[in-house]
>>> print(open('data_3.cif').read())   # mmCIF, C-alpha atoms and all ligand atoms
data_target
loop_
_atom_site.label_atom_id
_atom_site.label_comp_id
_atom_site.auth_asym_id
_atom_site.auth_seq_id
_atom_site.Cartn_x
_atom_site.Cartn_y
_atom_site.Cartn_z
CA MET A 1 -23.96 -11.86 -2.62
CA GLU A 2 -22.33 -13.35 -5.70
CA ILE A 3 -20.84 -11.13 -8.37
CA LEU A 4 -20.27 -11.97 -12.03
CA ILE A 5 -18.00 -9.72 -14.10
CA GLU A 6 -18.61 -10.41 -17.78
CA ASN A 7 -17.10 -9.39 -21.12
CA GLY A 8 -13.95 -7.82 -19.68
CA THR A 9 -10.28 -8.31 -20.51
CA VAL A 10 -8.63 -9.92 -17.50
CA VAL A 11 -5.13 -8.83 -16.48
CA PRO A 12 -4.53 -11.58 -13.92
CA MET A 13 -0.94 -10.73 -12.84
CA THR A 14 -0.18 -14.40 -12.45
CA GLY A 15 3.22 -15.59 -13.66
CA ASP A 16 5.41 -12.75 -14.94
CA GLY A 17 2.42 -10.46 -15.44
CA ARG A 18 2.44 -10.45 -19.25
CA GLU A 19 -0.69 -12.50 -19.92
CA THR A 20 -4.14 -10.99 -20.63
CA PHE A 21 -7.30 -12.73 -21.84
CA ARG A 22 -11.06 -12.36 -22.08
CA ALA A 23 -12.93 -14.21 -19.34
CA ALA A 24 -15.89 -14.06 -16.99
CA VAL A 25 -14.94 -13.70 -13.33
CA GLY A 26 -17.24 -15.07 -10.63
CA ILE A 27 -16.99 -14.00 -6.98
CA ARG A 28 -18.53 -15.87 -4.08
CA GLY A 29 -17.96 -15.52 -0.33
CA GLY A 30 -15.07 -13.10 -0.56
CA ARG A 31 -13.08 -15.25 -2.96
CA ILE A 32 -12.66 -15.51 -6.71
CA ALA A 33 -14.67 -18.65 -7.39
CA MET A 34 -14.39 -18.78 -11.19
CA VAL A 35 -12.22 -17.43 -14.01
CA ASP A 36 -14.06 -18.81 -17.02
CA ARG A 37 -12.10 -18.33 -20.25
CA ASP A 38 -14.22 -20.43 -22.61
CA GLY A 39 -17.68 -19.64 -21.26
CA SER A 40 -18.31 -23.24 -20.22
CA ARG A 41 -19.00 -22.58 -16.53
CA THR A 42 -20.68 -19.17 -16.47
CA GLY A 43 -24.19 -20.56 -17.00
CA ALA A 44 -23.91 -22.85 -13.99
CA PHE A 45 -22.44 -20.05 -11.82
CA ARG A 46 -25.32 -17.79 -12.81
CA ALA A 47 -27.93 -20.48 -12.11
CA GLU A 48 -26.47 -21.37 -8.73
CA ALA A 49 -26.39 -17.75 -7.57
CA GLY A 50 -29.98 -17.14 -8.69
CA ASP A 51 -31.49 -13.92 -7.31
CA ARG A 52 -28.41 -13.06 -5.28
CA LEU A 53 -26.28 -12.46 -8.40
CA ARG A 54 -24.97 -9.02 -9.26
CA VAL A 55 -23.76 -8.79 -12.87
CA ILE A 56 -21.17 -6.22 -13.92
CA ASP A 57 -20.72 -5.68 -17.66
CA ALA A 58 -17.01 -5.02 -18.29
CA GLU A 59 -17.13 -4.65 -22.08
CA GLY A 60 -14.33 -2.25 -23.08
CA LYS A 61 -12.84 -2.54 -19.60
CA ALA A 62 -9.94 -4.30 -17.86
CA VAL A 63 -10.45 -6.54 -14.84
CA MET A 64 -7.33 -6.65 -12.69
CA PRO A 65 -6.21 -7.09 -9.08
CA GLY A 66 -6.68 -4.05 -6.84
CA LEU A 67 -3.55 -1.96 -6.29
CA ILE A 68 -1.52 -2.50 -3.12
CA ASN A 69 -0.06 0.60 -1.48
CA LEU A 70 2.83 -0.69 0.65
CA HIS A 71 3.69 2.43 2.61
CA ASN A 72 1.37 5.05 4.00
CA HIS A 73 0.51 7.27 6.95
CA VAL A 74 -3.04 7.64 5.78
CA ALA A 75 -4.33 9.92 8.54
CA MET A 76 -1.85 12.55 7.34
CA ALA A 77 -4.44 13.37 4.67
CA LEU A 78 -5.35 16.02 7.27
CA MET A 79 -1.94 17.57 6.66
CA ARG A 80 -2.01 17.51 2.89
CA SER A 81 -0.15 20.58 1.58
CA VAL A 82 0.36 21.93 5.10
CA ALA A 83 4.15 22.15 4.60
CA ASP A 84 6.01 21.60 1.36
CA ASP A 85 9.28 22.32 -0.39
CA MET A 86 11.43 21.57 2.69
CA PRO A 87 14.14 19.00 3.55
CA LEU A 88 13.02 15.97 5.61
CA MET A 89 14.35 16.89 9.07
CA PRO A 90 13.18 20.57 9.21
CA TRP A 91 9.90 19.43 7.59
CA LEU A 92 9.40 16.90 10.42
CA GLN A 93 10.78 18.99 13.29
CA GLU A 94 9.34 22.41 12.46
CA LYS A 95 6.05 21.53 10.77
CA ILE A 96 4.80 17.95 10.97
CA TRP A 97 5.67 16.92 14.54
CA PRO A 98 4.29 20.15 16.13
CA TYR A 99 1.07 19.73 14.09
CA GLU A 100 0.80 16.05 15.04
CA ALA A 101 1.23 16.95 18.72
CA LYS A 102 -2.14 18.76 18.51
CA LEU A 103 -4.06 15.82 17.02
CA ASN A 104 -6.58 13.73 18.93
CA GLY A 105 -8.06 10.35 18.04
CA ASP A 106 -11.06 11.84 16.25
CA ASP A 107 -8.78 13.86 13.96
CA ILE A 108 -6.90 10.69 13.05
CA TYR A 109 -10.14 8.82 12.38
CA TRP A 110 -11.36 11.54 10.00
CA GLY A 111 -7.98 11.90 8.28
CA ALA A 112 -7.88 8.14 7.72
CA LYS A 113 -11.42 8.14 6.30
CA LEU A 114 -10.43 10.80 3.77
CA GLY A 115 -7.25 8.99 2.70
CA ILE A 116 -9.05 5.64 2.43
CA ALA A 117 -11.82 7.22 0.33
CA GLU A 118 -9.16 8.63 -1.99
CA MET A 119 -7.41 5.26 -2.25
CA LEU A 120 -10.56 3.24 -2.90
CA MET A 121 -11.79 5.65 -5.56
CA GLY A 122 -8.42 5.28 -7.32
CA GLY A 123 -8.36 1.48 -7.27
CA THR A 124 -6.22 0.77 -4.20
CA THR A 125 -7.70 -2.16 -2.28
CA THR A 126 -4.94 -2.85 0.29
CA PHE A 127 -2.57 -0.52 2.13
CA ALA A 128 0.17 -0.89 4.72
CA ASP A 129 0.07 1.93 7.26
CA MET A 130 2.24 3.27 10.05
CA TYR A 131 0.63 5.75 12.44
CA ALA A 132 -0.02 6.29 16.14
CA ARG A 133 -3.55 5.74 17.48
CA SER A 134 -3.89 3.06 14.83
CA GLN A 135 -7.08 1.87 16.57
CA ARG A 136 -8.79 4.91 15.03
CA VAL A 137 -7.31 4.10 11.60
CA GLY A 138 -8.69 0.57 12.10
CA GLU A 139 -12.19 1.98 12.69
CA ALA A 140 -11.99 3.87 9.38
CA VAL A 141 -10.72 0.73 7.60
CA GLU A 142 -13.60 -1.36 8.97
CA GLU A 143 -16.16 1.27 8.02
CA LEU A 144 -14.98 2.00 4.47
CA GLY A 145 -14.22 -1.62 3.56
CA ILE A 146 -10.59 -1.48 2.40
CA ARG A 147 -7.95 -4.10 3.36
CA ALA A 148 -5.05 -2.95 5.55
CA VAL A 149 -1.96 -3.95 7.49
CA LEU A 150 -1.73 -1.42 10.34
CA ALA A 151 1.46 -0.81 12.30
CA PRO A 152 1.53 1.16 15.57
CA PRO A 153 4.85 3.05 15.52
CA PHE A 154 7.37 3.86 18.23
CA ILE A 155 10.27 6.20 18.80
CA ASP A 156 12.44 6.48 21.90
CA GLY A 157 10.46 7.85 24.85
CA ARG A 158 7.09 6.58 23.60
CA MET A 159 7.45 2.91 24.46
CA GLU A 160 4.69 2.53 27.05
CA ALA A 161 2.00 4.16 24.93
CA PHE A 162 3.22 2.12 21.96
CA GLU A 163 3.06 -1.18 23.84
CA ARG A 164 -0.47 -0.50 25.06
CA GLU A 165 -1.58 0.39 21.53
CA ALA A 166 0.20 -2.57 19.91
CA VAL A 167 -1.22 -5.13 22.36
CA GLU A 168 -4.71 -3.72 21.88
CA MET A 169 -4.37 -3.82 18.07
CA ILE A 170 -2.99 -7.36 18.12
CA GLY A 171 -5.83 -8.49 20.38
CA ARG A 172 -8.43 -6.86 18.19
CA TYR A 173 -7.21 -7.81 14.72
CA HIS A 174 -4.21 -10.11 14.51
CA GLY A 175 -5.24 -13.51 13.20
CA SER A 176 -8.93 -12.98 13.94
CA GLY A 177 -12.17 -12.06 12.22
CA ASP A 178 -12.30 -12.08 8.44
CA GLY A 179 -8.63 -11.16 8.23
CA ARG A 180 -9.22 -7.88 6.39
CA ILE A 181 -6.98 -6.08 8.89
CA GLY A 182 -3.49 -7.30 9.78
CA VAL A 183 -1.09 -5.89 12.38
CA ARG A 184 2.66 -5.25 12.39
CA ILE A 185 4.80 -3.10 14.66
CA ALA A 186 6.76 -0.12 13.37
CA PRO A 187 10.10 1.12 14.64
CA HIS A 188 9.89 4.63 13.13
CA ALA A 189 13.48 4.60 11.80
CA PRO A 190 17.03 3.60 12.76
CA TYR A 191 17.78 7.22 13.76
CA THR A 192 14.76 7.59 16.09
CA CYS A 193 14.87 4.14 17.73
CA SER A 194 17.70 3.11 20.07
CA PRO A 195 18.87 -0.51 20.41
CA GLU A 196 17.07 -0.67 23.78
CA SER A 197 13.71 0.46 22.34
CA ILE A 198 14.00 -1.93 19.41
CA ALA A 199 14.89 -4.89 21.65
CA ARG A 200 11.89 -4.10 23.85
CA ALA A 201 9.52 -3.87 20.87
CA LEU A 202 10.79 -7.10 19.32
CA ARG A 203 9.45 -8.97 22.35
CA LEU A 204 6.00 -8.32 20.88
CA CYS A 205 7.06 -9.94 17.58
CA GLU A 206 8.36 -12.92 19.50
CA ARG A 207 5.29 -13.25 21.67
CA TYR A 208 2.52 -12.60 19.13
CA GLY A 209 4.10 -13.53 15.80
CA VAL A 210 3.66 -10.10 14.19
CA GLY A 211 5.98 -8.61 11.57
CA VAL A 212 7.71 -5.25 11.22
CA HIS A 213 7.18 -2.16 9.03
CA VAL A 214 10.07 0.33 9.23
CA HIS A 215 11.56 3.33 7.39
CA VAL A 216 15.08 2.39 6.22
CA ALA A 217 17.86 4.35 4.52
CA GLU A 218 15.61 7.17 3.38
CA THR A 219 18.16 10.02 3.26
CA GLN A 220 21.91 10.62 3.25
CA ASP A 221 21.45 12.35 6.64
CA GLU A 222 20.15 9.08 8.09
CA ILE A 223 23.13 7.16 6.69
CA ALA A 224 25.54 9.69 8.25
CA THR A 225 23.74 9.73 11.64
CA VAL A 226 23.59 5.96 11.98
CA ARG A 227 27.20 5.63 10.81
CA GLU A 228 28.30 8.19 13.41
CA ARG A 229 26.34 6.59 16.28
CA TYR A 230 26.86 2.91 15.57
CA GLY A 231 29.49 2.62 12.80
CA LYS A 232 26.97 0.76 10.64
CA THR A 233 24.57 1.22 7.75
CA PRO A 234 20.88 1.39 8.78
CA VAL A 235 20.37 -2.12 7.35
CA GLU A 236 23.34 -3.52 9.31
CA TYR A 237 22.07 -1.76 12.45
CA LEU A 238 18.60 -3.33 12.22
CA ASP A 239 20.02 -6.72 11.22
CA ASP A 240 22.43 -6.81 14.16
CA LEU A 241 19.52 -6.05 16.53
CA GLY A 242 17.62 -9.07 15.17
CA VAL A 243 14.80 -7.10 13.55
CA PHE A 244 14.99 -9.16 10.35
CA ARG A 245 14.26 -12.39 12.22
CA TYR A 246 10.65 -11.25 11.82
CA PRO A 247 8.94 -10.56 8.47
CA THR A 248 10.08 -7.02 7.68
CA LEU A 249 8.71 -4.51 5.18
CA ALA A 250 11.33 -1.77 4.68
CA ALA A 251 10.09 1.55 3.30
CA HIS A 252 12.26 3.73 1.03
CA CYS A 253 15.66 1.93 0.93
CA VAL A 254 17.02 4.79 -1.18
CA HIS A 255 20.65 4.54 -0.07
CA LEU A 256 21.71 0.90 0.09
CA THR A 257 25.10 -0.75 -0.32
CA GLY A 258 25.54 -4.04 -2.16
CA GLY A 259 26.12 -5.62 1.26
CA ASP A 260 22.81 -4.18 2.53
CA MET A 261 20.93 -5.73 -0.38
CA GLU A 262 22.62 -9.06 0.25
CA ILE A 263 21.55 -9.01 3.93
CA MET A 264 17.98 -8.10 2.95
CA LEU A 265 17.82 -10.90 0.41
CA GLN A 266 19.12 -13.47 2.87
CA ARG A 267 16.68 -12.37 5.58
CA GLY A 268 13.67 -12.04 3.25
CA VAL A 269 13.26 -8.31 3.90
CA THR A 270 10.80 -6.78 1.41
CA VAL A 271 10.76 -3.23 0.08
CA ALA A 272 8.22 -0.41 -0.38
CA TYR A 273 9.39 1.88 -3.22
CA ASN A 274 7.98 5.42 -2.82
CA PRO A 275 9.23 7.29 -5.88
CA GLN A 276 7.21 10.49 -5.58
CA SER A 277 7.83 11.01 -1.87
CA ASN A 278 11.56 10.41 -2.39
CA MET A 279 11.54 12.92 -5.26
CA LYS A 280 9.60 15.54 -3.33
CA LEU A 281 11.93 15.42 -0.32
CA ALA A 282 14.93 15.17 -2.69
CA SER A 283 15.96 11.98 -0.89
CA GLY A 284 17.17 10.25 -4.06
CA VAL A 285 16.10 7.24 -6.12
CA ALA A 286 15.96 3.73 -4.65
CA PRO A 287 18.00 1.23 -6.71
CA VAL A 288 14.91 -0.82 -7.54
CA ALA A 289 16.15 -2.23 -10.85
CA GLU A 290 19.15 -3.68 -9.01
CA MET A 291 17.02 -4.94 -6.11
CA LEU A 292 14.80 -6.81 -8.57
CA ARG A 293 17.84 -8.20 -10.39
CA ARG A 294 19.10 -9.55 -7.06
CA GLY A 295 15.72 -11.15 -6.33
CA LEU A 296 14.31 -8.84 -3.64
CA ALA A 297 10.50 -8.48 -3.41
CA VAL A 298 9.64 -4.83 -4.13
CA GLY A 299 6.27 -3.09 -4.42
CA PHE A 300 5.03 0.49 -4.58
CA GLY A 301 3.92 2.88 -1.85
CA THR A 302 2.81 6.48 -1.86
CA ASP A 303 4.08 7.40 1.63
CA GLY A 304 1.81 9.75 3.60
CA PRO A 305 -0.35 12.34 1.88
CA SER A 306 1.70 15.18 3.31
CA SER A 307 4.90 14.06 1.58
CA ASN A 308 3.51 13.17 -1.85
CA ASN A 309 0.85 14.90 -1.72
CA ASP A 310 -1.73 12.42 -2.94
CA LEU A 311 -2.45 8.70 -2.67
CA ASP A 312 -2.67 8.01 -6.41
CA MET A 313 -0.84 4.75 -7.10
CA TRP A 314 -1.11 5.19 -10.88
CA GLU A 315 1.21 8.16 -10.65
CA GLU A 316 3.71 6.10 -8.64
CA LEU A 317 3.74 3.44 -11.35
CA ARG A 318 4.56 5.83 -14.13
CA THR A 319 7.02 7.94 -12.11
CA GLY A 320 8.66 4.89 -10.55
CA SER A 321 9.26 3.19 -13.87
CA LEU A 322 10.57 6.34 -15.58
CA LEU A 323 12.92 7.13 -12.68
CA GLN A 324 14.52 3.68 -12.92
CA LYS A 325 15.08 4.18 -16.64
CA VAL A 326 16.63 7.61 -16.16
CA THR A 327 18.93 6.65 -13.27
CA THR A 328 20.16 3.41 -14.82
CA GLY A 329 20.43 4.82 -18.36
CA ASP A 330 18.54 1.71 -19.41
CA PRO A 331 15.10 2.14 -21.05
CA THR A 332 14.35 -1.55 -20.46
CA ALA A 333 14.45 -1.07 -16.65
CA LEU A 334 11.06 -1.64 -14.95
CA PRO A 335 9.02 -2.46 -18.08
CA ALA A 336 5.23 -2.05 -18.10
CA HIS A 337 4.34 -5.60 -17.05
CA GLU A 338 6.90 -5.57 -14.21
CA THR A 339 5.63 -2.20 -12.97
CA LEU A 340 2.03 -3.46 -12.88
CA ARG A 341 3.12 -6.71 -11.24
CA MET A 342 4.91 -4.80 -8.47
CA ALA A 343 1.77 -2.75 -7.75
CA THR A 344 -0.41 -5.86 -7.42
CA ALA A 345 1.03 -9.39 -7.04
CA GLY A 346 4.45 -8.00 -6.02
CA GLY A 347 2.85 -5.92 -3.28
CA ALA A 348 1.00 -8.97 -1.98
CA ASP A 349 4.26 -10.96 -1.99
CA ALA A 350 6.00 -8.15 -0.08
CA LEU A 351 3.29 -8.39 2.61
CA GLY A 352 3.71 -12.17 2.81
CA MET A 353 0.17 -12.57 1.42
CA GLY A 354 1.06 -13.67 -2.11
CA ASP A 355 -0.65 -17.03 -1.66
CA ARG A 356 -4.06 -15.37 -1.40
CA LEU A 357 -3.85 -11.76 -2.62
CA GLY A 358 -2.87 -9.66 -5.63
CA ARG A 359 -3.84 -11.96 -8.50
CA VAL A 360 -7.03 -12.72 -10.44
CA ALA A 361 -7.13 -16.50 -10.10
CA GLU A 362 -9.54 -19.02 -8.63
CA GLY A 363 -9.27 -19.29 -4.86
CA MET A 364 -7.67 -15.86 -4.38
CA LEU A 365 -9.26 -13.13 -2.22
CA ALA A 366 -11.75 -11.14 -4.28
CA ASP A 367 -9.96 -7.76 -4.37
CA LEU A 368 -10.52 -6.59 -7.94
CA ILE A 369 -10.86 -3.42 -9.93
CA VAL A 370 -12.57 -2.70 -13.23
CA VAL A 371 -10.77 -0.05 -15.30
CA ASP A 372 -12.60 1.77 -18.10
CA LEU A 373 -10.43 1.66 -21.23
CA ARG A 374 -12.75 3.81 -23.33
CA LYS A 375 -10.87 7.03 -22.62
CA PRO A 376 -8.93 9.20 -25.09
CA HIS A 377 -5.63 8.72 -23.23
CA LEU A 378 -6.07 4.92 -23.47
CA CYS A 379 -7.28 4.79 -27.10
CA PRO A 380 -6.71 2.87 -29.42
CA ASN A 381 -5.81 0.15 -26.89
CA ASN A 382 -2.72 -1.05 -28.77
CA ASP A 383 -1.10 -2.61 -25.72
CA LEU A 384 -3.14 -3.07 -22.58
CA LEU A 385 -0.19 -3.45 -20.18
CA SER A 386 1.54 -0.31 -21.51
CA ASP A 387 -1.75 1.59 -21.45
CA LEU A 388 -2.33 0.69 -17.79
CA ALA A 389 1.25 1.26 -16.60
CA TYR A 390 2.01 4.45 -18.55
CA CYS A 391 -1.39 6.06 -19.22
CA GLY A 392 -3.72 4.82 -16.48
CA LYS A 393 -5.28 7.28 -14.05
CA ALA A 394 -7.14 6.94 -10.77
CA SER A 395 -10.18 8.42 -12.52
CA ASP A 396 -10.25 5.47 -14.97
CA VAL A 397 -11.18 3.10 -12.13
CA GLU A 398 -14.87 2.44 -12.37
CA THR A 399 -15.61 -0.39 -9.95
CA VAL A 400 -13.69 -1.57 -6.88
CA ILE A 401 -14.37 -4.82 -5.05
CA VAL A 402 -12.67 -5.67 -1.74
CA ASP A 403 -13.21 -9.00 0.00
CA GLY A 404 -16.04 -9.75 -2.42
CA ARG A 405 -17.94 -6.56 -1.57
CA ILE A 406 -18.45 -3.60 -3.90
CA ALA A 407 -16.75 -0.52 -2.42
CA VAL A 408 -16.85 1.72 -5.50
CA GLU A 409 -19.32 1.49 -8.36
CA GLY A 410 -19.64 3.84 -11.32
CA ARG A 411 -16.74 5.84 -9.77
CA LYS A 412 -18.88 6.49 -6.66
CA LEU A 413 -17.82 5.42 -3.19
CA CYS A 414 -20.51 3.04 -1.86
CA THR A 415 -19.23 2.59 1.71
CA ALA A 416 -19.37 6.22 2.85
CA ASP A 417 -20.74 9.60 1.80
CA TYR A 418 -17.53 11.03 0.38
CA ALA A 419 -18.79 14.63 0.41
CA ALA A 420 -19.61 14.24 4.11
CA VAL A 421 -16.10 12.86 4.74
CA CYS A 422 -14.56 15.94 3.08
CA ARG A 423 -16.83 18.24 5.13
CA GLY A 424 -15.92 16.41 8.34
CA VAL A 425 -12.21 16.72 7.62
CA LYS A 426 -12.47 20.44 6.88
CA GLU A 427 -14.23 20.97 10.22
CA ARG A 428 -11.47 19.06 12.04
CA VAL A 429 -8.74 21.05 10.30
CA ALA A 430 -10.40 24.36 11.25
CA GLU A 431 -10.65 23.21 14.86
CA ILE A 432 -7.02 22.02 14.96
CA ALA A 433 -5.93 25.48 13.79
CA ARG A 434 -7.66 26.99 16.86
CA ARG A 435 -5.87 24.70 19.36
ZN ZN B 501 6.83 7.03 5.66
#
>>> encode(input="data_3.cif", output="C-alpha cells", more="lines below")
Ligand SMILES: [Zn+2]
Amino acid sequence: MEILIENGTVVPMTGDGRETFRAAVGIRGGRIAMVDRDGSRTGAFRAEAGDRLRVIDAEGKAVMPGLINLHNHVAMALMRSVADDMPLMPWLQEKIWPYEAKLNGDDIYWGAKLGIAEMLMGGTTTFADMYARSQRVGEAVEELGIRAVLAPPFIDGRMEAFEREAVEMIGRYHGSGDGRIGVRIAPHAPYTCSPESIARALRLCERYGVGVHVHVAETQDEIATVRERYGKTPVEYLDDLGVFRYPTLAAHCVHLTGGDMEIMLQRGVTVAYNPQSNMKLASGVAPVAEMLRRGLAVGFGTDGPSSNNDLDMWEELRTGSLLQKVTTGDPTALPAHETLRMATAGGADALGMGDRLGRVAEGMLADLIVVDLRKPHLCPNNDLLSDLAYCGKASDVETVIVDGRIAVEGRKLCTADYAAVCRGVKERVAEIARR
C-alpha cells in the first residue's frame, strides 16, 4: 500500500531541526518516497499508486518523525504504580525484584503489549528496551507493529540463562527480516555486573556484532559503590573492561565527571536522558546541556513504566528541557528545536540508525506521525516548534505510521484491540497476586 499525506506542515528534523514547510509526503514500500514541496510530483505519485493509494488529509496538522524512546523496560507496564515514593535500592530490592521473580513469559508478553499500545497511541514509533525474556517482548513488537531494539539483560549469577536468550534473539532478529527489530545486549549496571560477567558477555558482541545498552551513573549510591569496589567511576569501569569498543547506549548518566564525558565522546558512547524517572527516584539531573556542548549524542527515554509511571514522551520533552534550564540557570539551554531533534533524529543517531531513521526526508524509513494542531493548548499556532516541544500531548497524535504501515489512525490503535489488551493485563495482574 502507498500512502499520501497531503496539506500538512512538515517538521522534517533534518539539519538543526528548525525548518518547517508545507509539503505532500508519499510513502511506498516502507520508505518515504517523496517530499513534494511545490506540488510538482504529487500527481504522478497518485497516478502510479492507483487503487492502492491511501490519502491522509493533514490540513491543520503537523507531519513529523515518530518519537524515539531510548530507554525502557516496557513489560513493567504490569507494575505501573505497584511501588512508588521510594529510593532506588529499596524500591528494587523490596518491591520490584520480588514481584519480577513471580513473572512468567506470558505476563511479560501482556505487559509489553500494554506498554507498546501506550507508546504507539502517543506517537512513539521506536523504542530501546532492556528486559529478560525479551523473546516475549519481541512477539508483542511484531504483533503491534512498532520498531524496537531489544536487549536481553544480565546480572551476576544469571549468565547462562542470559546467553541462551541472547543467542536466540540474535538468531531470530539481528540483521534479518525487515529489520524492524534490532538486538543489543544489556549489562544491567556497573554495580550488578562483575568484570568476569561483563567479559563473558562481550564475547557475544565480538562474535555477532551486536551493541550494548546499559544503565550508567544513575545514582550517587552507584558512584560510591563502584568507587569502593574498583576505585573508578562507572564510566571508567566499563571503559577499562572494553565495553565501549562496541556501540554503547548509556541510560541515565546523571552523575558524570568531565573525564567521563571525554571518554564517552572519544568512544562514541550515546546517552538516553530519562528526566522524569530521575526526578521520581530523586537520582538527580543529567548534565545534558553540557553533554550536547561537548558533542555527545543524547536522546530521550522514559525508563520503565514503574519508575515514571507512564510512557508519554511528550512529557519527557517538556520536563527535560525545563530541568536543563533550571539546573544551568540558563533559559536558552535545550531550546524547543533541540528538544524535538533529540526526541526524533537525535534518538536515531544515538541508536546508530541516523542514516535511515528519525527524519522526514526521501529515502528514510517511513516512521511518521501526524499531530493535530487544532487544539486549544496549541492555538493560535504562533510557533510550531515551541507548540510541539512545550505544549504537545500524547493525545494530540492522530495518526502513526511505522515502516510504511498505519498503526494508529484517528487516535485508534489499528494493530490490536486496545481494550482487550487492558483486560488481558488486568487478568494477569490478578493472577500474579495469587502466586
Ligand atoms: Zn532503566
>>> closest_residue(input="data_3.cif", among="A:Thr126, A:Ser283, A:Thr192, A:Thr332", to="Ile155 of chain A", atoms="all atoms listed in the file")
A:Thr192
>>> closest_residue(input="data_3.cif", among="A:Ala33, A:Met119, A:Ala148, A:Ala201", to="Val183 of chain A", atoms="all atoms listed in the file")
A:Ala148
>>> residues_around(input="data_3.cif", residues="segment 203-217 of chain A", least_positions_apart="3", cutoff="7 Å", atoms="only C-alpha atoms", output="list in words")
Ala151, Val183, Arg184, Ile185, Ala186, Pro187, His188, Ala189, Pro190, Ala199, Arg200, Glu222, Ile223, Pro234, Tyr246, Pro247, Thr248, Leu249, Ala250, Ala251, His252, Cys253, Val254, His255 and Leu256 of chain A
>>> residues_near_point(input="data_3.cif", point="(-0.3, -12.4, -5.3)", cutoff="8 Å", atoms="all atoms listed in the file", output="NGL selection string")
:A and (13-14 or 344-349 or 353-359)
>>> closest_atom_pairs(input="data_3.cif", of="chain A", to="ligand ZN 501 (chain B)", cutoff="7 Å", atoms="all atoms listed in the file", output="Markdown table")
| residue | atom | partner | partner_atom | distance |
| --- | --- | --- | --- | --- |
| A:His71 | CA | B:ZN501 | ZN | 6.3 |
| A:Asn72 | CA | B:ZN501 | ZN | 6.0 |
| A:His73 | CA | B:ZN501 | ZN | 6.5 |
| A:His215 | CA | B:ZN501 | ZN | 6.2 |
| A:Ala251 | CA | B:ZN501 | ZN | 6.8 |
| A:Asp303 | CA | B:ZN501 | ZN | 4.9 |
| A:Gly304 | CA | B:ZN501 | ZN | 6.1 |
>>> atom_distance(input="data_3.cif", atom1="atom CA of Ile263 of chain A", atom2="atom CA of Gly182 of chain A")
25.8 Å
>>> closest_residue(input="data_3.cif", among="A:Ala343, A:Leu150, A:Met1, A:Met121", to="Gly50 of chain A", atoms="all atoms listed in the file")
A:Met1
>>> closest_residue(input="data_3.cif", among="A:Glu168, A:Glu139, A:Glu2, A:Asp312", to="Pro152 of chain A", atoms="all atoms listed in the file")
A:Glu168
>>> closest_residue(input="data_3.cif", among="A:Asp107, A:Val149, A:Phe244, A:Lys393", to="Val421 of chain A", atoms="all atoms listed in the file")
A:Asp107
>>> atom_distance(input="data_3.cif", atom1="atom CA of Leu365 of chain A", atom2="atom CA of Gly111 of chain A")
27.2 Å
>>> atom_distance(input="data_3.cif", atom1="atom CA of Val298 of chain A", atom2="atom CA of Gly268 of chain A")
11.1 Å
